[in-house]
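Q: Below is the file input34.txt, with compact mmCIF, C-alpha atoms and all ligand atoms.
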# COMPACT_ATOMS: atom_id res chain seq x y z
CA MET A 645 328.00 124.95 53.54
CA PRO A 646 329.39 121.41 53.44
CA THR A 647 326.94 119.09 51.80
CA LYS A 648 328.17 115.80 53.14
CA ILE A 649 330.08 114.78 56.23
CA GLU A 650 333.63 113.98 55.41
CA LYS A 651 335.94 111.78 57.41
CA ASP A 652 339.65 112.36 57.78
CA ALA A 653 341.60 109.52 56.29
CA VAL A 654 344.36 109.42 58.92
CA SER A 655 342.43 109.88 62.20
CA GLY A 656 339.08 108.66 60.99
CA ARG A 657 337.42 111.69 62.58
CA GLU A 658 334.81 113.93 61.03
CA THR A 659 336.02 117.19 59.59
CA THR A 660 334.24 120.51 59.79
CA GLY A 661 334.49 120.84 56.03
CA HIS A 662 336.80 123.87 56.38
CA GLU A 663 339.94 123.55 54.33
CA TRP A 664 343.04 125.67 53.99
CA ASP A 665 345.73 124.80 51.52
CA GLY A 666 344.82 121.17 51.68
CA LEU A 667 344.63 121.05 55.51
CA LYS A 668 341.23 120.08 56.85
CA GLU A 669 339.96 121.05 60.27
CA LEU A 670 338.91 118.12 62.43
CA ASN A 671 335.63 118.48 64.26
CA ASN A 672 337.08 117.39 67.63
CA PRO A 673 334.96 117.95 70.74
CA LEU A 674 336.32 120.41 73.36
CA PRO A 675 338.45 118.63 75.97
CA SER A 676 336.15 118.01 78.88
CA TRP A 677 338.47 119.66 81.38
CA TRP A 678 338.36 122.84 79.27
CA PHE A 679 334.61 122.74 78.89
CA TRP A 680 333.92 122.26 82.60
CA THR A 681 336.45 124.87 83.64
CA PHE A 682 334.67 127.29 81.33
CA VAL A 683 331.29 126.42 82.83
CA ALA A 684 332.74 126.80 86.32
CA THR A 685 334.10 130.31 85.61
CA VAL A 686 330.70 131.39 84.28
CA VAL A 687 328.96 130.05 87.37
CA TRP A 688 331.61 131.66 89.59
CA SER A 689 331.25 135.05 87.91
CA ILE A 690 327.49 135.03 88.31
CA GLY A 691 327.85 134.14 91.99
CA PHE A 692 330.50 136.85 92.37
CA CYS A 693 328.24 139.49 90.83
CA ILE A 694 325.50 138.55 93.27
CA VAL A 695 327.44 138.56 96.55
CA TYR A 696 330.06 141.27 95.85
CA PRO A 697 329.61 144.88 94.66
CA SER A 698 329.27 144.61 90.90
CA TRP A 699 326.93 146.33 88.47
CA PRO A 700 327.26 150.10 88.19
CA SER A 701 324.15 152.23 88.00
CA LEU A 702 323.97 155.90 87.10
CA HIS A 703 324.76 157.27 90.57
CA SER A 704 325.60 154.21 92.57
CA TYR A 705 326.25 150.51 92.17
CA PHE A 706 324.81 147.18 93.22
CA PRO A 707 326.48 146.60 96.64
CA GLY A 708 326.21 142.80 96.62
CA LEU A 709 324.44 140.57 99.11
CA TRP A 710 327.40 140.47 101.49
CA GLY A 711 327.70 144.27 101.68
CA TYR A 712 331.48 144.04 101.27
CA SER A 713 333.28 147.40 101.07
CA THR A 714 337.04 148.03 100.96
CA ARG A 715 336.48 151.53 102.31
CA ASP A 716 334.64 150.23 105.38
CA GLY A 717 337.46 147.73 105.78
CA VAL A 718 340.10 150.46 105.81
CA THR A 719 338.07 152.64 108.18
CA ALA A 720 337.68 149.72 110.57
CA ASP A 721 341.39 148.88 110.35
CA VAL A 722 342.39 152.47 111.05
CA ALA A 723 340.01 152.65 114.01
CA ALA A 724 341.36 149.36 115.36
CA LEU A 725 344.93 150.58 115.00
CA ALA A 726 344.12 153.88 116.73
CA ALA A 727 342.44 151.98 119.58
CA GLN A 728 345.43 149.66 119.86
CA ARG A 729 347.84 152.58 119.96
CA ALA A 730 345.69 154.51 122.42
CA ALA A 731 345.62 151.46 124.68
CA VAL A 732 349.40 151.25 124.52
CA LEU A 733 349.84 155.00 125.02
CA ASP A 734 347.42 154.93 127.94
CA THR A 735 350.14 153.29 129.99
CA ILE A 736 352.32 156.41 129.79
CA LYS A 737 349.53 158.99 129.61
CA ASP A 738 349.25 159.68 133.31
CA VAL A 739 352.77 158.89 134.43
CA PRO A 740 354.97 161.98 134.99
CA ILE A 741 357.51 162.11 132.17
CA GLU A 742 360.57 161.87 134.46
CA GLN A 743 359.13 158.77 136.09
CA ALA A 744 358.38 157.19 132.72
CA ARG A 745 362.02 157.62 131.78
CA GLN A 746 363.10 155.50 134.77
CA ASP A 747 360.79 152.65 133.88
CA PRO A 748 362.16 150.29 131.21
CA ALA A 749 358.71 148.92 130.34
CA LEU A 750 357.25 152.40 129.84
CA MET A 751 360.35 153.46 127.91
CA ALA A 752 359.81 150.54 125.56
CA VAL A 753 356.28 151.83 124.91
CA ALA A 754 357.52 155.40 124.46
CA ASN A 755 360.27 154.32 122.10
CA THR A 756 357.95 152.38 119.85
CA ALA A 757 355.17 154.97 119.81
CA GLY A 758 357.73 157.78 119.58
CA ARG A 759 359.61 156.17 116.71
CA ILE A 760 356.41 155.78 114.68
CA ALA A 761 355.17 159.30 115.42
CA PHE A 762 358.62 160.67 114.63
CA ALA A 763 358.78 158.92 111.26
CA ASN A 764 355.29 160.20 110.41
CA ASN A 765 355.64 163.80 111.55
CA CYS A 766 359.20 164.88 112.20
CA GLN A 767 361.46 163.00 109.83
CA PRO A 768 360.77 165.21 106.77
CA CYS A 769 362.44 168.11 108.56
CA HIS A 770 364.73 166.56 111.16
CA GLY A 771 365.96 163.60 109.11
CA ALA A 772 365.86 159.88 109.86
CA GLY A 773 366.67 159.18 113.49
CA GLY A 774 366.87 162.94 114.15
CA ALA A 775 370.17 163.23 112.29
CA GLY A 776 369.26 166.77 111.19
CA ARG A 777 369.27 168.42 107.78
CA PRO A 778 370.43 171.84 106.59
CA GLY A 779 368.17 174.36 108.33
CA TYR A 780 366.73 171.74 110.71
CA PRO A 781 368.65 170.94 113.86
CA ALA A 782 369.99 167.49 114.66
CA LEU A 783 368.04 166.03 117.59
CA ALA A 784 370.38 163.09 118.08
CA SER A 785 373.24 165.32 119.22
CA ASP A 786 373.93 167.03 122.52
CA ARG A 787 373.91 170.43 120.86
CA TRP A 788 370.60 172.02 121.83
CA ILE A 789 369.36 175.43 120.83
CA TRP A 790 366.60 175.55 123.43
CA GLY A 791 367.59 172.79 125.83
CA GLY A 792 367.78 169.03 126.01
CA THR A 793 366.02 168.09 129.23
CA LEU A 794 362.79 166.15 128.94
CA SER A 795 360.71 169.18 129.78
CA ASP A 796 362.67 171.46 127.39
CA ILE A 797 362.05 169.00 124.56
CA GLN A 798 358.41 168.53 125.49
CA THR A 799 357.90 172.30 125.45
CA SER A 800 359.63 172.68 122.07
CA ILE A 801 357.39 170.00 120.57
CA THR A 802 354.17 171.15 122.20
CA TYR A 803 354.27 174.84 121.31
CA GLY A 804 356.84 174.92 118.51
CA ILE A 805 359.36 177.60 117.65
CA ARG A 806 358.19 180.76 115.85
CA SER A 807 355.06 178.73 115.17
CA GLY A 808 352.65 181.55 115.82
CA HIS A 809 351.28 179.81 118.94
CA ALA A 810 350.96 182.20 121.88
CA GLU A 811 353.35 180.07 123.97
CA ALA A 812 355.79 179.26 121.20
CA ARG A 813 359.48 179.74 121.74
CA VAL A 814 360.52 182.85 119.86
CA SER A 815 363.91 184.25 119.01
CA GLN A 816 364.89 186.57 116.27
CA MET A 817 368.28 187.34 114.86
CA LEU A 818 368.64 190.90 113.57
CA ARG A 819 368.80 191.37 109.81
CA PHE A 820 372.26 192.93 110.00
CA GLY A 821 372.72 193.22 106.24
CA ILE A 822 369.25 193.95 104.92
CA ASP A 823 368.56 196.51 107.63
CA GLY A 824 371.98 198.14 107.20
CA VAL A 825 373.15 197.51 110.77
CA LEU A 826 376.50 196.23 109.47
CA LYS A 827 378.30 197.04 106.23
CA PRO A 828 379.13 194.19 103.83
CA GLU A 829 382.84 194.31 104.76
CA GLU A 830 381.95 194.14 108.45
CA ILE A 831 379.75 191.13 107.76
CA ALA A 832 382.59 189.47 105.82
CA ALA A 833 384.94 190.10 108.76
CA VAL A 834 382.54 188.73 111.35
CA ALA A 835 382.04 185.67 109.12
CA ASP A 836 385.81 185.14 109.20
CA TYR A 837 385.63 185.19 112.98
CA VAL A 838 382.70 182.76 113.07
CA LEU A 839 384.71 180.40 110.84
CA THR A 840 387.37 180.25 113.55
CA LEU A 841 384.64 179.31 116.06
CA TYR A 842 383.49 176.58 113.69
CA GLY A 843 387.08 175.31 113.64
CA LYS A 844 387.21 175.85 109.88
CA ALA A 845 389.90 178.56 109.79
CA PRO A 846 392.79 179.71 112.00
CA PRO A 847 392.60 183.20 113.59
CA SER A 848 393.77 185.94 111.23
CA GLN A 849 393.85 189.71 111.00
CA ALA A 850 390.41 189.73 109.42
CA SER A 851 388.98 187.45 112.07
CA ALA A 852 390.43 189.68 114.80
CA LYS A 853 388.50 192.58 113.32
CA GLY A 854 385.44 190.32 113.13
CA GLN A 855 385.83 189.39 116.79
CA ALA A 856 385.43 193.03 117.78
CA ILE A 857 382.27 193.30 115.67
CA PHE A 858 381.03 190.07 117.21
CA ALA A 859 381.58 191.40 120.73
CA GLU A 860 379.46 194.41 119.93
CA ASN A 861 376.65 192.85 117.93
CA CYS A 862 376.36 189.15 118.52
CA VAL A 863 377.18 188.17 122.10
CA ALA A 864 373.72 189.10 123.39
CA CYS A 865 372.32 186.02 121.69
CA HIS A 866 375.31 183.83 120.87
CA GLY A 867 377.32 184.31 124.11
CA GLU A 868 380.73 185.84 124.85
CA THR A 869 382.65 183.11 123.06
CA GLY A 870 379.88 181.94 120.73
CA GLU A 871 378.80 179.20 123.12
CA GLY A 872 375.11 180.00 122.54
CA LYS A 873 372.39 181.30 124.86
CA ARG A 874 369.47 179.07 125.47
CA GLU A 875 367.41 181.71 127.31
CA VAL A 876 367.13 183.61 124.04
CA GLY A 877 367.35 180.64 121.66
CA GLY A 878 370.68 181.78 120.25
CA PRO A 879 372.39 178.68 118.82
CA SER A 880 375.95 177.84 119.71
CA LEU A 881 378.39 178.82 116.99
CA LYS A 882 381.09 176.52 118.32
CA GLY A 883 382.11 173.22 116.85
CA ALA A 884 381.13 171.39 113.72
CA VAL A 885 377.33 170.95 113.99
CA HIS A 886 375.30 173.76 112.45
CA LEU A 887 371.85 174.66 111.29
CA TYR A 888 373.02 176.23 108.07
CA GLY A 889 376.24 175.87 106.11
CA ASP A 890 379.73 176.21 107.53
CA THR A 891 381.19 178.24 104.67
CA SER A 892 381.92 181.95 104.61
CA ALA A 893 379.12 182.43 102.06
CA ALA A 894 376.57 180.63 104.25
CA ILE A 895 377.50 182.69 107.31
CA ILE A 896 377.38 185.93 105.33
CA ALA A 897 373.94 184.95 104.01
CA GLN A 898 372.69 184.26 107.55
CA VAL A 899 374.04 187.52 108.98
CA THR A 900 372.71 189.49 106.03
CA ASN A 901 369.21 188.00 106.14
CA PRO A 902 368.58 185.35 108.82
CA ARG A 903 366.21 182.59 107.81
CA MET A 904 364.30 182.12 111.03
CA GLY A 905 363.28 178.50 110.63
CA VAL A 906 359.84 177.51 111.85
CA MET A 907 359.10 174.50 114.02
CA PRO A 908 355.34 173.85 114.08
CA ASN A 909 353.44 173.52 117.35
CA TRP A 910 352.16 169.97 117.69
CA ASN A 911 349.59 170.43 120.45
CA THR A 912 346.87 170.94 117.85
CA ARG A 913 347.87 167.88 115.80
CA LEU A 914 349.03 165.27 118.28
CA ASP A 915 347.55 164.20 121.60
CA PRO A 916 349.53 164.84 124.82
CA ALA A 917 350.44 161.15 125.25
CA THR A 918 351.99 161.03 121.76
CA ILE A 919 353.91 164.23 122.46
CA LYS A 920 355.15 162.71 125.70
CA ALA A 921 356.26 159.58 123.84
CA LEU A 922 358.01 161.77 121.27
CA ALA A 923 359.83 163.75 123.96
CA LEU A 924 361.04 160.51 125.60
CA TYR A 925 362.07 159.13 122.21
CA VAL A 926 363.95 162.28 121.15
CA HIS A 927 365.58 162.54 124.57
CA ALA A 928 366.87 158.98 124.19
CA LEU A 929 368.28 159.58 120.69
CA GLY A 930 371.60 160.37 122.26
CA GLY A 931 371.66 163.99 123.39
CA GLY A 932 369.18 163.97 126.27
CA GLU A 933 370.11 166.02 129.33
CA LYS A 934 369.12 165.48 132.97
C1 LIG A 1001 358.51 171.95 109.17
C2 LIG A 1001 359.74 171.43 109.68
C3 LIG A 1001 359.73 170.79 111.04
C4 LIG A 1001 358.99 169.72 111.47
C5 LIG A 1001 357.96 168.93 110.69
C6 LIG A 1001 359.42 169.45 112.82
N1 LIG A 1001 360.37 170.34 113.21
FE1 LIG A 1001 361.31 170.37 114.99
N2 LIG A 1001 362.33 172.05 114.44
C7 LIG A 1001 362.26 172.64 113.20
C8 LIG A 1001 363.15 173.80 113.16
C9 LIG A 1001 363.36 174.73 111.99
C10 LIG A 1001 363.73 173.89 114.44
C11 LIG A 1001 364.76 174.91 114.92
C12 LIG A 1001 364.13 176.21 115.22
C13 LIG A 1001 365.12 177.22 115.75
O1 LIG A 1001 365.75 177.89 114.94
O2 LIG A 1001 365.23 177.34 116.97
C14 LIG A 1001 363.19 172.76 115.21
C15 LIG A 1001 363.53 172.50 116.53
C16 LIG A 1001 363.11 171.40 117.24
C17 LIG A 1001 363.48 171.11 118.60
C18 LIG A 1001 364.38 171.98 119.47
C19 LIG A 1001 365.80 171.60 119.21
C20 LIG A 1001 366.81 172.33 120.05
O3 LIG A 1001 367.97 172.27 119.66
O4 LIG A 1001 366.46 172.89 121.10
C21 LIG A 1001 362.91 169.91 118.93
C22 LIG A 1001 363.03 169.16 120.26
C23 LIG A 1001 362.15 169.47 117.79
N3 LIG A 1001 362.28 170.40 116.78
C24 LIG A 1001 361.43 168.31 117.75
C25 LIG A 1001 360.56 167.98 116.70
C26 LIG A 1001 359.66 166.86 116.75
C27 LIG A 1001 359.59 165.82 117.84
C28 LIG A 1001 358.93 166.93 115.59
C29 LIG A 1001 357.79 166.00 115.14
C30 LIG A 1001 356.64 165.95 116.02
C31 LIG A 1001 359.40 168.06 114.83
N4 LIG A 1001 360.37 168.69 115.54
C32 LIG A 1001 358.91 168.41 113.60
C33 LIG A 1001 361.49 172.24 112.13
C34 LIG A 1001 360.59 171.19 112.16
C1 LIG A 1002 368.83 188.85 118.84
C2 LIG A 1002 369.55 187.59 118.86
C3 LIG A 1002 370.67 187.38 117.87
C4 LIG A 1002 371.71 188.23 117.57
C5 LIG A 1002 371.98 189.61 118.13
C6 LIG A 1002 372.54 187.53 116.62
N1 LIG A 1002 372.02 186.30 116.34
FE1 LIG A 1002 372.79 184.91 115.09
N2 LIG A 1002 371.23 183.70 115.47
C7 LIG A 1002 370.16 184.00 116.28
C8 LIG A 1002 369.16 182.99 116.15
C9 LIG A 1002 367.84 182.96 116.88
C10 LIG A 1002 369.66 182.06 115.19
C11 LIG A 1002 368.95 180.83 114.62
C12 LIG A 1002 367.84 181.43 113.76
C13 LIG A 1002 367.55 180.96 112.41
O1 LIG A 1002 367.00 179.86 112.24
O2 LIG A 1002 367.81 181.74 111.46
C14 LIG A 1002 370.96 182.55 114.79
C15 LIG A 1002 371.77 181.91 113.91
C16 LIG A 1002 373.02 182.31 113.54
C17 LIG A 1002 373.91 181.61 112.69
C18 LIG A 1002 373.66 180.24 112.07
C19 LIG A 1002 374.08 179.17 113.08
C20 LIG A 1002 374.02 177.78 112.55
O3 LIG A 1002 373.95 176.87 113.39
O4 LIG A 1002 374.08 177.57 111.33
C21 LIG A 1002 375.04 182.36 112.56
C22 LIG A 1002 376.28 182.01 111.77
C23 LIG A 1002 374.83 183.55 113.31
N3 LIG A 1002 373.60 183.51 113.90
C24 LIG A 1002 375.73 184.55 113.41
C25 LIG A 1002 375.50 185.75 114.06
C26 LIG A 1002 376.40 186.86 114.04
C27 LIG A 1002 377.74 186.87 113.36
C28 LIG A 1002 375.80 187.84 114.75
C29 LIG A 1002 376.33 189.23 115.00
C30 LIG A 1002 376.64 189.99 113.84
C31 LIG A 1002 374.56 187.33 115.24
N4 LIG A 1002 374.38 186.07 114.78
C32 LIG A 1002 373.70 188.04 116.06
C33 LIG A 1002 370.06 185.08 117.13
C34 LIG A 1002 370.89 186.17 117.10
Any chance you could give the structure as structure tokens?
A:
Amino acid sequence: MPTKIEKDAVSGRETTGHEWDGLKELNNPLPSWWFWTFVATVVWSIGFCIVYPSWPSLHSYFPGLWGYSTRDGVTADVAALAAQRAAVLDTIKDVPIEQARQDPALMAVANTAGRIAFANNCQPCHGAGGAGRPGYPALASDRWIWGGTLSDIQTSITYGIRSGHAEARVSQMLRFGIDGVLKPEEIAAVADYVLTLYGKAPPSQASAKGQAIFAENCVACHGETGEGKREVGGPSLKGAVHLYGDTSAAIIAQVTNPRMGVMPNWNTRLDPATIKALALYVHALGGGEK
């Protein structure tokens, strides 16, 4: 304990009596701005603890005088958004889908609502903008497995494909390899033929043999020349756009053990107006048919 108050020779101020290596600590008062800021933060924190949720208790917490809750805030925001969207969707809800397509104002609604619903629900499988991904068909092209009119698209979305819904679209390719319908060399030959349909290889002796196998086993679903058959959901095998790969190995894998992709039915997850907006949106992606 210092016994007497010392003064610093240079500044003339009192020292605290603490000394380190000849340096003495001056007993300066706190700057007033610092002191009052400190007092203000204390007052603020007490006020904060009173009006906002603050002190925890064993099973709950003190909710604060204002009853503020971020969860309530989110719930209210979500409800407001849903109401806003429902109000927007209401404008297309009762208009027949064909008529909505003719109306630029309603199409603007459908495009916005459809784009959002598509990004939320469809994009993981069908890719951004419906560009398609391996195993999931492109929706922005004019190559349709089941059909590209508004009502075709609406039906595909509503009930799905192999979704298990009673009204789902269903098609099934035979398991030619696994079930021993075709021998491996026959499957290889038919793959050579399919490659010519894809435009990936010129006709050859092997593909000629494959063509005969195709005529016997495949035309029922894929059409005489591989053009596809919508009535039975057999995809076109012509051209460059495909569900699965366009290599010999990918075709052999498909013919050996078809994958049978599943498209969920959306009638249990989305309301009819949203499905209508989605159908209009998908139809307008570029491949819509009259
Ligand atoms: C879990 C993946 C998945 C999701 C999610 C999905 N789809 Fe599909 N969809 C598929 C598959 C797989 C097919 C092709 C089925 C087949 O082999 O016929 C398909 C087919 C379609 C078709 C028929 C295409 C044609 O060529 O006839 C439409 C239209 C379609 N989907 C729209 C949508 C829309 C709109 C959504 C979002 C609401 C959606 N899909 C979400 C997997 C999905
Ligand atoms: C009973 C109907 C049916 C028959 C018969 C059939 N297919 Fe398919 N095929 C389908 C269906 C449905 C799909 C799409 C299913 C899927 O997702 O696996 C498909 C898909 C394909 C694909 C993939 C197309 C793509 O876009 O990637 C190839 C290749 C193919 N079939 C080849 C054949 C060949 C070769 C034969 C004859 C040996 C054959 N199919 C016989 C119904 C059939």
Q: Might I get the box with edges along x, y and z of the file that holds all atoms of ligand LIG 1001 (chain A) listed there, padded by 3 Å on every side, given as centre and edge lengths in Å to one decimal, as JSON?
A:
{"center_x": 362.3, "center_y": 171.9, "center_z": 115.1, "size_x": 17.3, "size_y": 18.1, "size_z": 17.9}
Q: Taking only C-alpha atoms into account, name the residue in A:Cys693, A:Val732, A:Val885, A:Val654 that is nearest to Gly843 (chain A).
A: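 Comparing A:Cys693, A:Val732, A:Val885, A:Val654 against Gly843 (chain A), the winner is A:Val885.
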Q: Where does chain A meet ligand LIG 1002 (chain A) within 8 Å, residue by residue, with the nearest atom pair and distance in Å to one decimal for each, counting all atoms listed in the file, listed by chain and rising number, as JSON lines?
A:
{"residue": "A:Gly779", "atom": "CA", "partner": "A:LIG1002", "partner_atom": "O1", "distance": 6.8}
{"residue": "A:Pro781", "atom": "CA", "partner": "A:LIG1002", "partner_atom": "O3", "distance": 8.0}
{"residue": "A:Val814", "atom": "CA", "partner": "A:LIG1002", "partner_atom": "C9", "distance": 7.9}
{"residue": "A:Ser815", "atom": "CA", "partner": "A:LIG1002", "partner_atom": "C9", "distance": 4.7}
{"residue": "A:Gln816", "atom": "CA", "partner": "A:LIG1002", "partner_atom": "C9", "distance": 4.7}
{"residue": "A:Met817", "atom": "CA", "partner": "A:LIG1002", "partner_atom": "C34", "distance": 3.6}
{"residue": "A:Leu818", "atom": "CA", "partner": "A:LIG1002", "partner_atom": "C1", "distance": 5.7}
{"residue": "A:Phe820", "atom": "CA", "partner": "A:LIG1002", "partner_atom": "C30", "distance": 6.5}
{"residue": "A:Leu826", "atom": "CA", "partner": "A:LIG1002", "partner_atom": "C30", "distance": 7.6}
{"residue": "A:Ile831", "atom": "CA", "partner": "A:LIG1002", "partner_atom": "C30", "distance": 6.9}
{"residue": "A:Val834", "atom": "CA", "partner": "A:LIG1002", "partner_atom": "C27", "distance": 5.5}
{"residue": "A:Ala835", "atom": "CA", "partner": "A:LIG1002", "partner_atom": "C27", "distance": 6.2}
{"residue": "A:Val838", "atom": "CA", "partner": "A:LIG1002", "partner_atom": "C27", "distance": 6.4}
{"residue": "A:Ile857", "atom": "CA", "partner": "A:LIG1002", "partner_atom": "C30", "distance": 6.8}
{"residue": "A:Phe858", "atom": "CA", "partner": "A:LIG1002", "partner_atom": "C29", "distance": 5.3}
{"residue": "A:Glu860", "atom": "CA", "partner": "A:LIG1002", "partner_atom": "C29", "distance": 7.8}
{"residue": "A:Asn861", "atom": "CA", "partner": "A:LIG1002", "partner_atom": "C29", "distance": 4.7}
{"residue": "A:Cys862", "atom": "CA", "partner": "A:LIG1002", "partner_atom": "C29", "distance": 3.5}
{"residue": "A:Val863", "atom": "CA", "partner": "A:LIG1002", "partner_atom": "C5", "distance": 6.7}
{"residue": "A:Ala864", "atom": "CA", "partner": "A:LIG1002", "partner_atom": "C5", "distance": 5.6}
{"residue": "A:Cys865", "atom": "CA", "partner": "A:LIG1002", "partner_atom": "C2", "distance": 4.3}
{"residue": "A:His866", "atom": "CA", "partner": "A:LIG1002", "partner_atom": "N1", "distance": 6.1}
{"residue": "A:Val876", "atom": "CA", "partner": "A:LIG1002", "partner_atom": "C2", "distance": 7.0}
{"residue": "A:Gly877", "atom": "CA", "partner": "A:LIG1002", "partner_atom": "C9", "distance": 5.3}
{"residue": "A:Gly878", "atom": "CA", "partner": "A:LIG1002", "partner_atom": "C8", "distance": 4.5}
{"residue": "A:Pro879", "atom": "CA", "partner": "A:LIG1002", "partner_atom": "C10", "distance": 5.7}
{"residue": "A:Ser880", "atom": "CA", "partner": "A:LIG1002", "partner_atom": "O3", "distance": 6.7}
{"residue": "A:Leu881", "atom": "CA", "partner": "A:LIG1002", "partner_atom": "C19", "distance": 5.8}
{"residue": "A:Val885", "atom": "CA", "partner": "A:LIG1002", "partner_atom": "O3", "distance": 6.8}
{"residue": "A:His886", "atom": "CA", "partner": "A:LIG1002", "partner_atom": "O3", "distance": 3.5}
{"residue": "A:Leu887", "atom": "CA", "partner": "A:LIG1002", "partner_atom": "O4", "distance": 3.7}
{"residue": "A:Tyr888", "atom": "CA", "partner": "A:LIG1002", "partner_atom": "O4", "distance": 3.7}
{"residue": "A:Gly889", "atom": "CA", "partner": "A:LIG1002", "partner_atom": "O4", "distance": 5.9}
{"residue": "A:Asp890", "atom": "CA", "partner": "A:LIG1002", "partner_atom": "O4", "distance": 6.9}
{"residue": "A:Ala894", "atom": "CA", "partner": "A:LIG1002", "partner_atom": "C22", "distance": 7.7}
{"residue": "A:Ile895", "atom": "CA", "partner": "A:LIG1002", "partner_atom": "C22", "distance": 4.7}
{"residue": "A:Ile896", "atom": "CA", "partner": "A:LIG1002", "partner_atom": "C22", "distance": 7.6}
{"residue": "A:Gln898", "atom": "CA", "partner": "A:LIG1002", "partner_atom": "C21", "distance": 5.9}
{"residue": "A:Val899", "atom": "CA", "partner": "A:LIG1002", "partner_atom": "C25", "distance": 5.6}
{"residue": "A:Pro902", "atom": "CA", "partner": "A:LIG1002", "partner_atom": "O2", "distance": 4.5}
{"residue": "A:Arg903", "atom": "CA", "partner": "A:LIG1002", "partner_atom": "O2", "distance": 4.1}
{"residue": "A:Met904", "atom": "CA", "partner": "A:LIG1002", "partner_atom": "O2", "distance": 3.6}
{"residue": "A:Gly905", "atom": "CA", "partner": "A:LIG1002", "partner_atom": "O1", "distance": 4.3}
{"residue": "A:Val906", "atom": "CA", "partner": "A:LIG1002", "partner_atom": "O1", "distance": 7.5}
Q: As an exercise, work out the distance from CA of Ala845 (chain A) to CA of Ala775 (chain A) in Å and give it to one decimal place.
A: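 Answer for the CA of Ala845 (chain A) to CA of Ala775 (chain A) separation: 25.1 Å.
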Q: Which is closest to ligand LIG 1001 (chain A) among A:Ala917, A:Ile805, A:Ala833, A:Ala897, if we use all atoms listed in the file?
A: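 Nearest to ligand LIG 1001 (chain A): A:Ile805.
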Q: Record the distance separating atom C11 of ligand LIG 1001 (chain A) and CA of Asn764 (chain A), expressed in Å with one decimal.
A: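 Computing the Euclidean distance for atom C11 of ligand LIG 1001 (chain A) and CA of Asn764 (chain A) yields 18.1 Å.
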Q: Taking all atoms listed in the file into account, name the residue in A:Tyr842, A:Trp677, A:Tyr803, A:Trp790 that is nearest to ligand LIG 1001 (chain A).
A: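 For ligand LIG 1001 (chain A), the nearest of the candidates is A:Trp790.
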Q: Let me see if you get this right: every residue at most 8 Å from ligand LIG 1001 (chain A), counting only C-alpha atoms and all ligand atoms, written as a ChimeraX atom specification.
A: /A:761-762,764-770,779-783,787-792,796-801,804-806,813-815,877-879,887,904-908,910,914,919,922-923,926
Q: Would you mind reading off the distance between CA of Met751 (chain A) and CA of Leu929 (chain A), one decimal, in Å?
A: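 Interatomic distance here is 12.3 Å.
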Q: Within 8 Å of Arg657 (chain A), counting only C-alpha atoms, which residues show up once you throw out same-chain ones fewer than 4 positions away? Write them as JSON, numbers by chain, please.
A: {"A": [651, 652, 653, 670, 671, 672]}
Q: Of the candidates A:Ser795, A:Gln728, A:Ser689, A:Thr912, which shows the shortest atom-to-atom distance to Glu742 (chain A), using all atoms listed in the file?
A: A:Ser795
Q: Under the rule that all atoms listed in the file are counted, which of A:Ile822, A:Leu794, A:Ile649, A:Ile736 is the nearest residue to Ala928 (chain A)?
A: A:Leu794
Q: Distance cut-off 12 Å, centre (392.0, 193.2, 112.4) in file coordinates, counting all atoms listed in the file: which residues qualify? Return them as an MDAnalysis selection string.
A: chainID A and resid 829:830 833:834 836:837 847:857
Q: Under the rule that all atoms listed in the file are counted, which of A:Asp786, A:Asp716, A:Glu875, A:Asp915 is the nearest residue to Glu933 (chain A)?
A: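 Closest residue, counting all atoms listed in the file: A:Asp786.
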